[in-house]
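Engineer: The file below is my_file-v4.txt, compact mmCIF, C-alpha atoms and all ligand atoms:
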```txt
# COMPACT_ATOMS: atom_id res chain seq x y z
CA MET A 228 2.39 6.12 -26.25
CA SER A 229 -0.91 5.42 -24.55
CA TYR A 230 -1.52 3.42 -21.40
CA LYS A 231 -4.60 1.48 -20.42
CA ILE A 232 -5.45 1.83 -16.75
CA ALA A 233 -8.03 -0.40 -15.06
CA VAL A 234 -9.76 1.76 -12.48
CA LEU A 235 -11.40 -0.07 -9.58
CA PRO A 236 -12.71 2.52 -7.12
CA GLY A 237 -14.39 0.03 -4.79
CA ASP A 238 -16.36 1.16 -1.76
CA GLY A 239 -16.62 3.91 0.82
CA ILE A 240 -14.26 6.79 0.13
CA GLY A 241 -12.62 4.72 -2.65
CA PRO A 242 -14.51 6.45 -5.49
CA GLU A 243 -13.85 9.92 -4.01
CA VAL A 244 -10.09 9.52 -3.77
CA VAL A 245 -9.75 7.57 -7.02
CA ARG A 246 -11.49 10.42 -8.87
CA GLU A 247 -8.68 12.73 -7.75
CA GLY A 248 -6.16 10.13 -8.88
CA THR A 249 -7.55 9.79 -12.40
CA GLN A 250 -7.87 13.55 -12.86
CA LEU A 251 -4.25 13.90 -11.85
CA LEU A 252 -3.16 11.15 -14.23
CA SER A 253 -4.96 12.83 -17.13
CA GLN A 254 -3.27 16.09 -16.26
CA VAL A 255 0.29 14.72 -16.13
CA ALA A 256 -0.35 12.62 -19.24
CA SER A 257 -1.04 15.71 -21.29
CA LEU A 258 1.85 17.57 -19.66
CA TYR A 259 4.33 14.79 -20.40
CA GLY A 260 2.94 13.82 -23.79
CA PHE A 261 1.51 10.36 -23.26
CA GLY A 262 -2.03 9.04 -23.37
CA VAL A 263 -4.10 7.38 -20.67
CA GLU A 264 -7.26 5.44 -21.18
CA PHE A 265 -9.36 4.55 -18.17
CA GLU A 266 -11.71 1.62 -17.92
CA GLU A 267 -13.74 1.28 -14.73
CA GLY A 268 -14.97 -1.84 -12.99
CA LEU A 269 -16.89 -2.66 -9.82
CA VAL A 270 -15.09 -4.51 -7.04
CA GLY A 271 -15.71 -5.33 -3.39
CA GLY A 272 -19.06 -4.40 -1.87
CA ALA A 273 -20.11 -2.52 -5.01
CA SER A 274 -19.66 -5.72 -7.00
CA ILE A 275 -21.47 -7.80 -4.36
CA ASP A 276 -24.46 -5.46 -4.61
CA ALA A 277 -24.49 -5.61 -8.41
CA TYR A 278 -23.45 -9.21 -9.13
CA GLY A 279 -23.54 -11.11 -5.83
CA LYS A 280 -19.77 -11.54 -5.59
CA PRO A 281 -16.82 -9.28 -4.82
CA LEU A 282 -14.86 -9.95 -8.02
CA THR A 283 -16.30 -10.99 -11.37
CA ASP A 284 -14.44 -12.53 -14.30
CA PRO A 285 -14.85 -9.50 -16.60
CA VAL A 286 -13.31 -7.25 -13.94
CA LEU A 287 -10.43 -9.67 -13.39
CA LYS A 288 -9.90 -9.72 -17.16
CA LEU A 289 -9.97 -5.93 -17.21
CA ALA A 290 -7.31 -5.81 -14.46
CA LYS A 291 -5.11 -8.34 -16.26
CA GLY A 292 -5.44 -6.67 -19.63
CA GLY A 293 -4.20 -3.16 -18.93
CA ASP A 294 -0.85 -1.55 -18.16
CA ALA A 295 -1.70 -0.94 -14.50
CA VAL A 296 -4.55 -1.10 -12.00
CA LEU A 297 -5.62 1.83 -9.84
CA LEU A 298 -7.58 0.64 -6.85
CA GLY A 299 -9.53 2.54 -4.21
CA ALA A 300 -10.61 0.60 -1.14
CA MET A 301 -13.01 -2.23 -0.36
CA GLY A 302 -15.38 -3.21 2.39
CA GLY A 303 -17.74 -1.58 4.85
CA PRO A 304 -20.18 -2.36 7.63
CA LYS A 305 -22.91 -3.20 5.11
CA TRP A 306 -21.08 -6.38 4.09
CA ASP A 307 -19.48 -7.30 7.41
CA GLY A 308 -21.99 -10.03 8.17
CA LEU A 309 -21.21 -12.01 5.01
CA ASP A 310 -19.28 -15.25 5.01
CA TYR A 311 -15.50 -14.79 4.66
CA SER A 312 -15.52 -16.39 1.24
CA ILE A 313 -17.65 -13.62 -0.29
CA ARG A 314 -16.58 -10.58 1.74
CA PRO A 315 -15.46 -7.49 -0.22
CA GLU A 316 -11.84 -7.96 0.99
CA ARG A 317 -11.74 -11.28 -0.86
CA ALA A 318 -11.64 -9.34 -4.13
CA LEU A 319 -8.46 -7.62 -3.03
CA LEU A 320 -6.80 -10.89 -2.05
CA ALA A 321 -7.95 -12.56 -5.28
CA LEU A 322 -6.66 -9.68 -7.41
CA ARG A 323 -3.28 -9.81 -5.69
CA GLN A 324 -3.04 -13.55 -6.16
CA GLU A 325 -4.40 -13.71 -9.72
CA LEU A 326 -2.05 -10.94 -10.84
CA GLY A 327 0.91 -12.59 -9.09
CA LEU A 328 1.66 -9.48 -7.05
CA PHE A 329 4.02 -10.91 -4.47
CA ALA A 330 5.80 -7.66 -3.61
CA ASN A 331 3.99 -4.84 -1.89
CA LEU A 332 5.96 -1.62 -1.56
CA ARG A 333 4.78 0.85 1.05
CA PRO A 334 7.02 3.90 1.22
CA VAL A 335 6.70 5.79 4.48
CA LYS A 336 8.02 9.27 4.04
CA VAL A 337 7.39 12.01 6.55
CA PHE A 338 6.80 15.29 4.77
CA SER A 339 8.42 17.95 6.94
CA PRO A 340 5.37 20.22 7.04
CA LEU A 341 3.47 17.28 8.52
CA ALA A 342 6.01 16.27 11.14
CA SER A 343 3.93 17.87 13.86
CA ALA A 344 0.70 16.21 12.65
CA SER A 345 1.97 12.86 13.91
CA THR A 346 0.94 11.72 17.36
CA LEU A 347 4.67 11.22 17.96
CA ARG A 348 7.05 14.06 18.66
CA ARG A 349 8.39 16.02 15.71
CA GLU A 350 12.02 15.21 16.52
CA VAL A 351 11.23 11.49 16.47
CA VAL A 352 9.47 11.40 13.10
CA GLU A 353 10.98 14.26 11.10
CA GLY A 354 13.26 12.96 8.37
CA THR A 355 11.82 9.43 8.40
CA ASP A 356 12.03 7.86 4.96
CA LEU A 357 11.60 4.11 4.95
CA LEU A 358 10.15 1.48 2.68
CA VAL A 359 8.15 -1.51 3.84
CA VAL A 360 8.51 -4.41 1.41
CA ARG A 361 5.70 -6.74 2.34
CA GLU A 362 5.32 -10.24 0.93
CA LEU A 363 1.79 -10.18 -0.45
CA ILE A 364 0.54 -13.51 -1.73
CA GLY A 365 1.86 -16.02 0.75
CA GLY A 366 2.08 -16.66 4.45
CA ILE A 367 -0.83 -16.97 6.81
CA TYR A 368 -3.19 -15.08 4.49
CA PHE A 369 -3.22 -17.97 2.06
CA GLY A 370 -1.70 -20.97 3.87
CA GLN A 371 -3.60 -24.28 4.11
CA PRO A 372 -5.22 -25.63 6.18
CA LYS A 373 -7.51 -22.77 7.07
CA GLY A 374 -11.06 -22.38 8.23
CA VAL A 375 -13.41 -22.82 11.14
CA THR A 376 -14.77 -26.24 12.03
CA LYS A 377 -17.29 -27.45 14.56
CA LEU A 378 -16.02 -29.79 17.22
CA PRO A 379 -18.00 -32.73 18.64
CA ASP A 380 -18.49 -30.89 21.94
CA GLY A 381 -20.22 -28.02 20.13
CA THR A 382 -17.32 -25.59 20.39
CA GLU A 383 -15.46 -24.40 17.31
CA ARG A 384 -11.86 -24.47 16.12
CA GLY A 385 -10.35 -21.77 13.89
CA VAL A 386 -7.16 -22.44 11.94
CA ASN A 387 -4.81 -20.44 9.74
CA THR A 388 -1.40 -21.57 8.62
CA GLU A 389 1.78 -19.57 8.29
CA VAL A 390 3.76 -21.09 5.43
CA TYR A 391 6.70 -19.93 3.33
CA THR A 392 8.87 -21.80 0.85
CA THR A 393 12.45 -21.01 -0.18
CA PRO A 394 11.54 -19.51 -3.61
CA GLU A 395 8.84 -17.30 -2.06
CA ILE A 396 11.34 -15.90 0.43
CA GLU A 397 14.09 -15.47 -2.14
CA ARG A 398 12.02 -13.48 -4.59
CA ILE A 399 10.85 -10.98 -1.96
CA ALA A 400 14.38 -10.73 -0.54
CA ARG A 401 15.62 -9.83 -4.01
CA VAL A 402 13.03 -7.03 -4.30
CA ALA A 403 14.15 -5.65 -0.93
CA PHE A 404 17.87 -5.77 -1.73
CA GLU A 405 17.36 -4.18 -5.14
CA ALA A 406 15.21 -1.43 -3.62
CA ALA A 407 17.82 -0.80 -0.92
CA ARG A 408 20.50 -0.46 -3.57
CA ARG A 409 18.60 2.52 -5.00
CA ARG A 410 18.21 3.98 -1.50
CA ARG A 411 20.47 3.96 1.57
CA LYS A 412 21.58 0.34 1.21
CA LYS A 413 20.15 -1.02 4.45
CA VAL A 414 17.69 -3.87 4.89
CA ALA A 415 16.03 -4.99 8.10
CA SER A 416 14.45 -8.40 7.64
CA VAL A 417 11.67 -8.82 10.17
CA ASP A 418 10.54 -12.20 11.49
CA LYS A 419 9.60 -14.10 14.62
CA ALA A 420 12.38 -16.63 14.27
CA ASN A 421 12.57 -17.21 18.01
CA VAL A 422 9.15 -18.86 18.00
CA LEU A 423 7.83 -19.57 14.50
CA GLU A 424 9.58 -22.19 12.37
CA ALA A 425 8.25 -20.72 9.14
CA THR A 426 10.05 -17.48 9.90
CA GLU A 427 13.13 -19.29 11.16
CA LEU A 428 13.33 -20.50 7.57
CA TRP A 429 12.67 -16.93 6.42
CA ARG A 430 15.71 -15.72 8.34
CA LYS A 431 17.92 -18.53 7.07
CA VAL A 432 16.94 -18.00 3.44
CA VAL A 433 17.30 -14.20 3.56
CA THR A 434 20.77 -14.57 5.11
CA ARG A 435 21.90 -17.06 2.49
CA PHE A 436 20.37 -15.14 -0.41
CA HIS A 437 22.13 -11.98 0.70
CA LYS A 438 25.47 -13.75 0.90
CA GLU A 439 25.24 -15.76 -2.29
CA ASN A 440 23.87 -13.15 -4.65
CA GLY A 441 26.37 -10.34 -4.50
CA TYR A 442 24.55 -8.06 -2.08
CA GLY A 443 27.68 -7.37 -0.03
CA ASP A 444 27.07 -3.62 -0.51
CA ILE A 445 23.76 -3.92 1.36
CA ALA A 446 23.83 -3.99 5.16
CA LEU A 447 21.43 -6.70 6.33
CA GLU A 448 20.11 -7.01 9.84
CA HIS A 449 17.47 -9.31 11.30
CA MET A 450 14.90 -8.04 13.72
CA LEU A 451 12.15 -9.75 15.64
CA VAL A 452 8.75 -8.33 14.83
CA ASP A 453 7.92 -7.27 18.39
CA ASN A 454 11.18 -5.36 18.60
CA CYS A 455 10.55 -3.83 15.17
CA ALA A 456 7.14 -2.60 16.30
CA MET A 457 8.87 -0.89 19.21
CA GLN A 458 11.77 0.48 17.16
CA LEU A 459 9.35 2.04 14.67
CA VAL A 460 8.01 4.38 17.31
CA ARG A 461 11.25 4.71 19.25
CA ASN A 462 13.59 5.62 16.41
CA PRO A 463 12.05 5.24 12.95
CA LYS A 464 14.98 6.97 11.25
CA GLN A 465 17.15 3.90 11.79
CA PHE A 466 15.22 2.13 8.99
CA ASP A 467 15.78 2.20 5.27
CA VAL A 468 14.11 -0.93 3.84
CA ILE A 469 12.07 -3.32 5.98
CA VAL A 470 11.29 -6.67 4.37
CA THR A 471 8.78 -8.94 6.02
CA THR A 472 5.96 -11.45 5.75
CA ASN A 473 2.42 -10.76 4.62
CA LEU A 474 0.90 -10.50 8.10
CA PHE A 475 3.77 -8.66 9.79
CA GLY A 476 3.92 -6.27 6.82
CA ASP A 477 0.22 -5.57 7.13
CA ILE A 478 0.56 -4.66 10.79
CA LEU A 479 3.87 -2.81 10.68
CA SER A 480 2.80 -0.69 7.70
CA ASP A 481 -0.24 0.61 9.55
CA GLU A 482 1.98 1.42 12.49
CA ALA A 483 4.53 3.12 10.26
CA ALA A 484 1.74 5.10 8.61
CA MET A 485 1.16 6.97 11.84
CA LEU A 486 4.67 8.38 11.62
CA THR A 487 3.50 10.36 8.58
CA GLY A 488 0.61 11.89 10.49
CA SER A 489 -2.14 9.81 8.95
CA ILE A 490 -2.78 6.59 7.09
CA GLY A 491 -4.41 8.95 4.59
CA MET A 492 -0.89 9.78 3.40
CA LEU A 493 0.35 6.29 2.57
CA PRO A 494 0.59 5.00 -1.00
CA SER A 495 1.38 1.48 -2.12
CA ALA A 496 2.49 -0.43 -5.18
CA SER A 497 1.99 -4.16 -5.65
CA LEU A 498 4.40 -5.65 -8.13
CA GLY A 499 5.77 -8.94 -9.34
CA GLY A 500 3.41 -9.86 -12.15
CA LYS A 501 2.89 -8.45 -15.64
CA VAL A 502 0.59 -5.71 -14.40
CA GLY A 503 1.20 -3.61 -11.29
CA MET A 504 -1.60 -2.68 -8.92
CA TYR A 505 -1.61 0.62 -7.08
CA GLU A 506 -3.70 1.47 -4.06
CA PRO A 507 -3.74 3.78 -1.07
CA VAL A 508 -3.04 1.85 2.14
CA HIS A 509 -6.10 3.27 3.93
CA GLY A 510 -9.49 1.63 4.02
CA THR A 511 -12.98 2.72 3.09
CA ALA A 512 -13.55 5.07 6.08
CA PRO A 513 -17.33 4.51 6.33
CA ASP A 514 -17.72 7.40 8.80
CA ILE A 515 -16.77 10.08 6.28
CA VAL A 516 -18.13 8.68 3.02
CA GLY A 517 -19.69 11.25 0.71
CA LYS A 518 -18.70 14.17 2.96
CA ASN A 519 -15.79 15.38 0.81
CA MET A 520 -13.56 14.86 3.86
CA ALA A 521 -11.25 12.09 2.68
CA ASN A 522 -7.56 12.71 2.19
CA PRO A 523 -6.75 12.11 -1.49
CA LEU A 524 -2.99 12.41 -0.97
CA ALA A 525 -2.42 8.66 -0.46
CA THR A 526 -4.05 8.05 -3.84
CA ILE A 527 -2.20 10.96 -5.41
CA LEU A 528 1.11 9.57 -4.15
CA THR A 529 -0.03 6.14 -5.35
CA VAL A 530 -0.40 7.58 -8.85
CA ALA A 531 3.20 8.78 -8.56
CA LEU A 532 4.26 5.20 -7.78
CA MET A 533 2.34 3.96 -10.81
CA LEU A 534 4.07 6.49 -13.04
CA ARG A 535 7.45 5.41 -11.70
CA HIS A 536 7.05 1.63 -11.62
CA SER A 537 4.62 0.81 -14.44
CA LEU A 538 4.50 3.72 -16.88
CA ASP A 539 8.17 4.65 -17.02
CA GLN A 540 7.40 8.31 -16.25
CA SER A 541 9.56 9.03 -13.24
CA LYS A 542 9.80 12.76 -13.98
CA ALA A 543 6.04 13.04 -13.72
CA ALA A 544 6.17 11.07 -10.47
CA ASP A 545 8.77 13.42 -8.98
CA ARG A 546 6.66 16.38 -9.98
CA ILE A 547 3.60 15.01 -8.21
CA GLU A 548 5.58 14.43 -5.02
CA ARG A 549 6.92 17.98 -5.13
CA ALA A 550 3.42 19.34 -5.69
CA VAL A 551 2.12 17.45 -2.64
CA GLU A 552 4.93 18.86 -0.54
CA ALA A 553 4.17 22.38 -1.83
CA ALA A 554 0.46 22.12 -0.99
CA LEU A 555 1.34 20.94 2.52
CA ASP A 556 3.98 23.64 2.87
CA GLU A 557 1.32 26.28 2.28
CA GLY A 558 -0.62 24.89 5.20
CA TYR A 559 -3.39 23.06 3.35
CA ARG A 560 -4.70 20.08 5.29
CA THR A 561 -7.54 17.59 5.09
CA ALA A 562 -9.36 16.76 8.30
CA ASP A 563 -7.21 13.73 9.17
CA ILE A 564 -4.03 15.84 9.28
CA GLN A 565 -5.45 19.11 10.48
CA GLU A 566 -3.52 21.26 12.92
CA LYS A 567 -4.13 24.55 14.67
CA GLY A 568 -3.87 27.40 12.18
CA CYS A 569 -3.91 25.18 9.08
CA ARG A 570 -6.02 25.79 6.00
CA LEU A 571 -8.61 23.02 6.22
CA VAL A 572 -9.76 21.73 2.82
CA GLY A 573 -11.87 18.89 1.49
CA CYS A 574 -10.92 15.99 -0.73
CA LYS A 575 -11.73 17.77 -4.00
CA GLU A 576 -9.96 20.97 -2.98
CA MET A 577 -6.81 19.09 -1.98
CA GLY A 578 -6.85 17.29 -5.33
CA ARG A 579 -7.29 20.57 -7.16
CA LEU A 580 -4.51 22.24 -5.17
CA VAL A 581 -2.03 19.55 -6.14
CA ARG A 582 -3.03 19.90 -9.81
CA GLU A 583 -2.60 23.67 -9.57
CA LYS A 584 0.91 23.26 -8.16
CA ILE A 585 1.73 20.91 -11.01
CA ASP A 586 0.39 23.41 -13.54
CA LYS A 587 2.58 26.07 -12.01
CA GLY A 588 5.55 23.85 -12.76
CA MET A 589 6.40 22.68 -9.26
C1 LIG B 601 -4.06 -3.87 3.51
C2 LIG B 601 -5.41 -4.25 4.07
C3 LIG B 601 -5.80 -5.61 3.53
C4 LIG B 601 -4.76 -6.60 3.97
C5 LIG B 601 -7.21 -6.09 3.93
C6 LIG B 601 -8.27 -5.09 3.56
C7 LIG B 601 -7.52 -7.43 3.34
O1 LIG B 601 -5.40 -4.20 5.44
O2 LIG B 601 -3.93 -3.79 2.28
O3 LIG B 601 -3.16 -3.64 4.30
O4 LIG B 601 -4.81 -7.11 5.09
O5 LIG B 601 -3.85 -6.88 3.18
MG MG B 602 -3.63 -3.44 6.26
```
Spell out the structure here as structure tokens.
Ligand code: IPM
Ligand code: MG
Structural biologist:
Amino acid sequence: MSYKIAVLPGDGIGPEVVREGTQLLSQVASLYGFGVEFEEGLVGGASIDAYGKPLTDPVLKLAKGGDAVLLGAMGGPKWDGLDYSIRPERALLALRQELGLFANLRPVKVFSPLASASTLRREVVEGTDLLVVRELIGGIYFGQPKGVTKLPDGTERGVNTEVYTTPEIERIARVAFEAARRRRKKVASVDKANVLEATELWRKVVTRFHKENGYGDIALEHMLVDNCAMQLVRNPKQFDVIVTTNLFGDILSDEAAMLTGSIGMLPSASLGGKVGMYEPVHGTAPDIVGKNMANPLATILTVALMLRHSLDQSKAADRIERAVEAALDEGYRTADIQEKGCRLVGCKEMGRLVREKIDKGM
């Protein structure tokens, strides 16, 4: 068995962390007796510099043609002045949409050795293990009408539209309920049903779908997004699966990331189409590019998600997660999660440490 992986490192620290990801994949492939073949493409700012646009047809074809996509990060100050339509981030949105990746899974697990790296108290975050299921190709990110227009009086008007249809809500609800069934059987559906009609529909459809599709074993609650934002820092352990819209999921997952100590710890999987796309949740971190300071663990944990969801290699995925825990247990930390008395390492060293733990059979 051999898998074809499209590798799209992108910009900023993307290439640095993705390098650790591909090395790790090669290692577990030989350990578990399967093949991996990598094919690289430029996306985001790197593609703008080379071809004048953030995503080219050959790269889209590459992404569609493999077994999975491993993505780094896109964007940076260099391209910030560009029009929205050709910004690096557009490539990410286009990839998600073209690949039909409507379900974005962002597991937020606090590794015990890191519980004191969070800005929140250890007793609040320790033991947190939740999953954000974010709708990824609908809502206000894509809704029409959108855009900025000039008004007759010389001022401008900016518009975006929050829009969800029944089938869009049902398919993401199903992903959340199925995920909860493999976990602690609890789903919090997050909306702003007290103000926004589109999410009033969200709440109605989630409720009905839960009732009519045999999910009686799953406890469903509804939570307003402002309350959820508060509950995440008040008592994150109350959550198992959170299912929400594209925009709320974007915001709440960054907030939830801080429970783990750093956004540099958060992996993600985007599913729903033929090919899954896997990316760390963090951005391009322009301030530390090329300094070997990035935290590769989000990408390393992202590789574990790829092994589990796209390559049918869940044993290898478990082993990676254990190796990460072991490296953290021994006190190794990248700059973003450093603590007094820790063993500070760079991106490459952290990647190597995890591979060493895996070699030792952890
Ligand atoms: C994320 C990012 C993206 C998003 C940006 C870069 C377009 O913040 O994946 O969370 O908003 O979806
Ligand atoms: Mg985000």
Engineer: Could you give me, as CSV, a per-residue list for chain A showing, wherever an atom lies at most 7 Å from an atom of ligand MG 602 (chain B), the closest pair of atoms and their distance in Å to one decimal, using all atoms listed in the file and sorting by chain then residue number from low to high?
Structural biologist:
```
residue,atom,partner,partner_atom,distance
A:Asp477,CA,B:MG602,MG,4.5
A:Ile478,CA,B:MG602,MG,6.3
A:Asp481,CA,B:MG602,MG,6.2
A:Val508,CA,B:MG602,MG,6.7
```
Engineer: Next, dump the selected residues to file, keeping only C-alpha atoms, as an mmCIF file, keeping the file's coordinate frame.
Structural biologist:
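The resulting file, again.cif, is reproduced below:
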```cif
data_model
loop_
_atom_site.group_PDB
_atom_site.id
_atom_site.type_symbol
_atom_site.label_atom_id
_atom_site.label_comp_id
_atom_site.auth_asym_id
_atom_site.auth_seq_id
_atom_site.Cartn_x
_atom_site.Cartn_y
_atom_site.Cartn_z
ATOM 1 C CA ASP A 477 0.220 -5.570 7.130
ATOM 2 C CA ILE A 478 0.560 -4.660 10.790
ATOM 3 C CA ASP A 481 -0.240 0.610 9.550
ATOM 4 C CA VAL A 508 -3.040 1.850 2.140
#
```
Engineer: Do you know which residues are at most 8 Å from Ala446 of chain A counting only C-alpha atoms, after dropping those on the same chain fewer than 6 positions away, and could you put them as a compact mmCIF listing (two decimals) with C-alpha atoms, in the coordinates of the input?
Structural biologist:
```txt
# COMPACT_ATOMS: atom_id res chain seq x y z
CA LYS A 412 21.58 0.34 1.21
CA LYS A 413 20.15 -1.02 4.45
CA VAL A 414 17.69 -3.87 4.89
```
Engineer: Which residues are near Ile364 of chain A? Cut-off 10 Å, all atoms listed in the file, ignore same chain within fewer than 5 positions. Put them as a PyMOL selection string.
Structural biologist: chain A and resi 320-331+369-370+395+472-473
Engineer: Counting all atoms listed in the file, which protein, DNA or RNA residues come within 10 Å of ligand LIG 601 (chain B), given as a PyMOL selection string?
Structural biologist: chain A and resi 300-302+314-320+323+331+333+361+363-364+368+473-481+495+497+506-511
Engineer: Give me the box for segment 539-549 of chain A as lines of an AutoDock Vina configuration file, namely the centre and edge lengths in Å to one decimal of a box along x, y and z that holds every listed atom plus 5 Å on each side.
Structural biologist:
```
center_x = 6.7
center_y = 11.3
center_z = -11.0
size_x = 16.2
size_y = 23.3
size_z = 22.0
```
Engineer: Set the distance at 9 Å and use all atoms listed in the file: which residues neighbour Val375 of chain A once local chain neighbours fewer than 6 positions away are removed? I'd like the list as a list in words.
Structural biologist: Glu383, Arg384, Gly385 and Val386 of chain A
Engineer: With only C-alpha atoms as the atoms that count, which of A:Leu357, A:Leu524, A:Val468, A:Met450 lies nearest to Met492 of chain A?
Structural biologist: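 For Met492 of chain A, the nearest of the candidates is A:Leu524.
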Engineer: Excluding Asp563 of chain A and its own-chain neighbours fewer than 5 positions away, which residues fall within 8 Å of it when counting only C-alpha atoms? Please give them as a ChimeraX atom specification.
Structural biologist: /A:489,491,521-522
Engineer: Under the rule that only C-alpha atoms are counted, which of A:Leu459, A:Val470, A:Leu235, A:Gly248 is the nearest residue to Ile527 of chain A?
Structural biologist: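 Of A:Leu459, A:Val470, A:Leu235, A:Gly248, the one nearest Ile527 of chain A is A:Gly248, counting only C-alpha atoms.
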Engineer: Using all atoms listed in the file for the distances, tell me which of A:Phe338, A:Phe466, A:Tyr559, A:Tyr391 is nearest to Ser416 of chain A.
Structural biologist: A:Phe466
Engineer: Just give me the gap between atom CA of Leu451 of chain A and atom CA of Val417 of chain A in Å, one decimal is fine.
Structural biologist: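 Between these atoms lies a distance of 5.6 Å.
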Engineer: For each of A:Val335, A:Val530, A:Leu486, A:Ala512, take the minimum atom-to-atom distance to Asp238 of chain A, counting only C-alpha atoms, then give the residue where this is smallest.
Structural biologist: A:Ala512
Engineer: Would you pick out the contacts of segment 288-292 of chain A at 7 Å or less, using all atoms listed in the file, so that residues sharing its chain but fewer than 4 positions from it are not included, and give the list as number ranges by chain?
Structural biologist: A: 233, 284, 296, 326, 502
Engineer: Find the distance between atom CA of Leu532 of chain A and atom CA of Asp294 of chain A and write it in Å to one decimal.
Structural biologist: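 Separation of atom CA of Leu532 of chain A and atom CA of Asp294 of chain A: 13.4 Å.
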Engineer: One decimal, Å: what's the distance from atom CA of Val433 of chain A over to atom CA of Ile396 of chain A, could you say?
Structural biologist: 6.9 Å
Engineer: Select, from A:Gly354, A:Pro494, A:Gly443, A:Pro379, the residue with the minimum atom-to-atom distance to Leu298 of chain A, counting all atoms listed in the file.
Structural biologist: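 Ranking A:Gly354, A:Pro494, A:Gly443, A:Pro379 by distance to Leu298 of chain A, first place goes to A:Pro494.
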Engineer: Can you put N, CA and C atoms back into segment 318-334 of chain A and show it as a CSV table (one decimal), keeping the file's coordinate frame?
Structural biologist:
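In the end it all went to part05.csv:
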```csv
chain,number,residue,atom,x,y,z
A,318,ALA,N,-12.0,-9.8,-2.8
A,318,ALA,CA,-11.6,-9.3,-4.1
A,318,ALA,C,-10.2,-8.8,-4.2
A,319,LEU,N,-9.8,-8.2,-3.1
A,319,LEU,CA,-8.5,-7.6,-3.0
A,319,LEU,C,-7.4,-8.8,-3.0
A,320,LEU,N,-7.7,-9.8,-2.2
A,320,LEU,CA,-6.8,-10.9,-2.0
A,320,LEU,C,-6.7,-11.7,-3.4
A,321,ALA,N,-7.9,-11.8,-4.0
A,321,ALA,CA,-8.0,-12.6,-5.3
A,321,ALA,C,-7.2,-11.8,-6.4
A,322,LEU,N,-7.4,-10.5,-6.4
A,322,LEU,CA,-6.7,-9.7,-7.4
A,322,LEU,C,-5.1,-9.8,-7.2
A,323,ARG,N,-4.7,-9.7,-6.0
A,323,ARG,CA,-3.3,-9.8,-5.7
A,323,ARG,C,-2.8,-11.2,-6.2
A,324,GLN,N,-3.5,-12.2,-5.8
A,324,GLN,CA,-3.0,-13.6,-6.2
A,324,GLN,C,-3.1,-13.8,-7.7
A,325,GLU,N,-4.2,-13.4,-8.3
A,325,GLU,CA,-4.4,-13.7,-9.7
A,325,GLU,C,-3.4,-12.9,-10.6
A,326,LEU,N,-3.0,-11.7,-10.1
A,326,LEU,CA,-2.0,-10.9,-10.8
A,326,LEU,C,-0.6,-11.3,-10.5
A,327,GLY,N,-0.4,-12.2,-9.5
A,327,GLY,CA,0.9,-12.6,-9.1
A,327,GLY,C,1.7,-11.5,-8.4
A,328,LEU,N,1.0,-10.6,-7.7
A,328,LEU,CA,1.7,-9.5,-7.0
A,328,LEU,C,2.3,-9.8,-5.7
A,329,PHE,N,3.5,-10.4,-5.7
A,329,PHE,CA,4.0,-10.9,-4.5
A,329,PHE,C,4.7,-9.8,-3.7
A,330,ALA,N,5.0,-8.7,-4.3
A,330,ALA,CA,5.8,-7.7,-3.6
A,330,ALA,C,5.0,-6.4,-3.4
A,331,ASN,N,4.8,-6.0,-2.2
A,331,ASN,CA,4.0,-4.8,-1.9
A,331,ASN,C,4.9,-3.8,-1.3
A,332,LEU,N,5.1,-2.7,-2.0
A,332,LEU,CA,6.0,-1.6,-1.6
A,332,LEU,C,5.1,-0.5,-0.9
A,333,ARG,N,5.5,-0.2,0.3
A,333,ARG,CA,4.8,0.8,1.0
A,333,ARG,C,5.8,1.9,1.6
A,334,PRO,N,6.1,2.9,0.8
A,334,PRO,CA,7.0,3.9,1.2
A,334,PRO,C,6.4,4.8,2.3
```
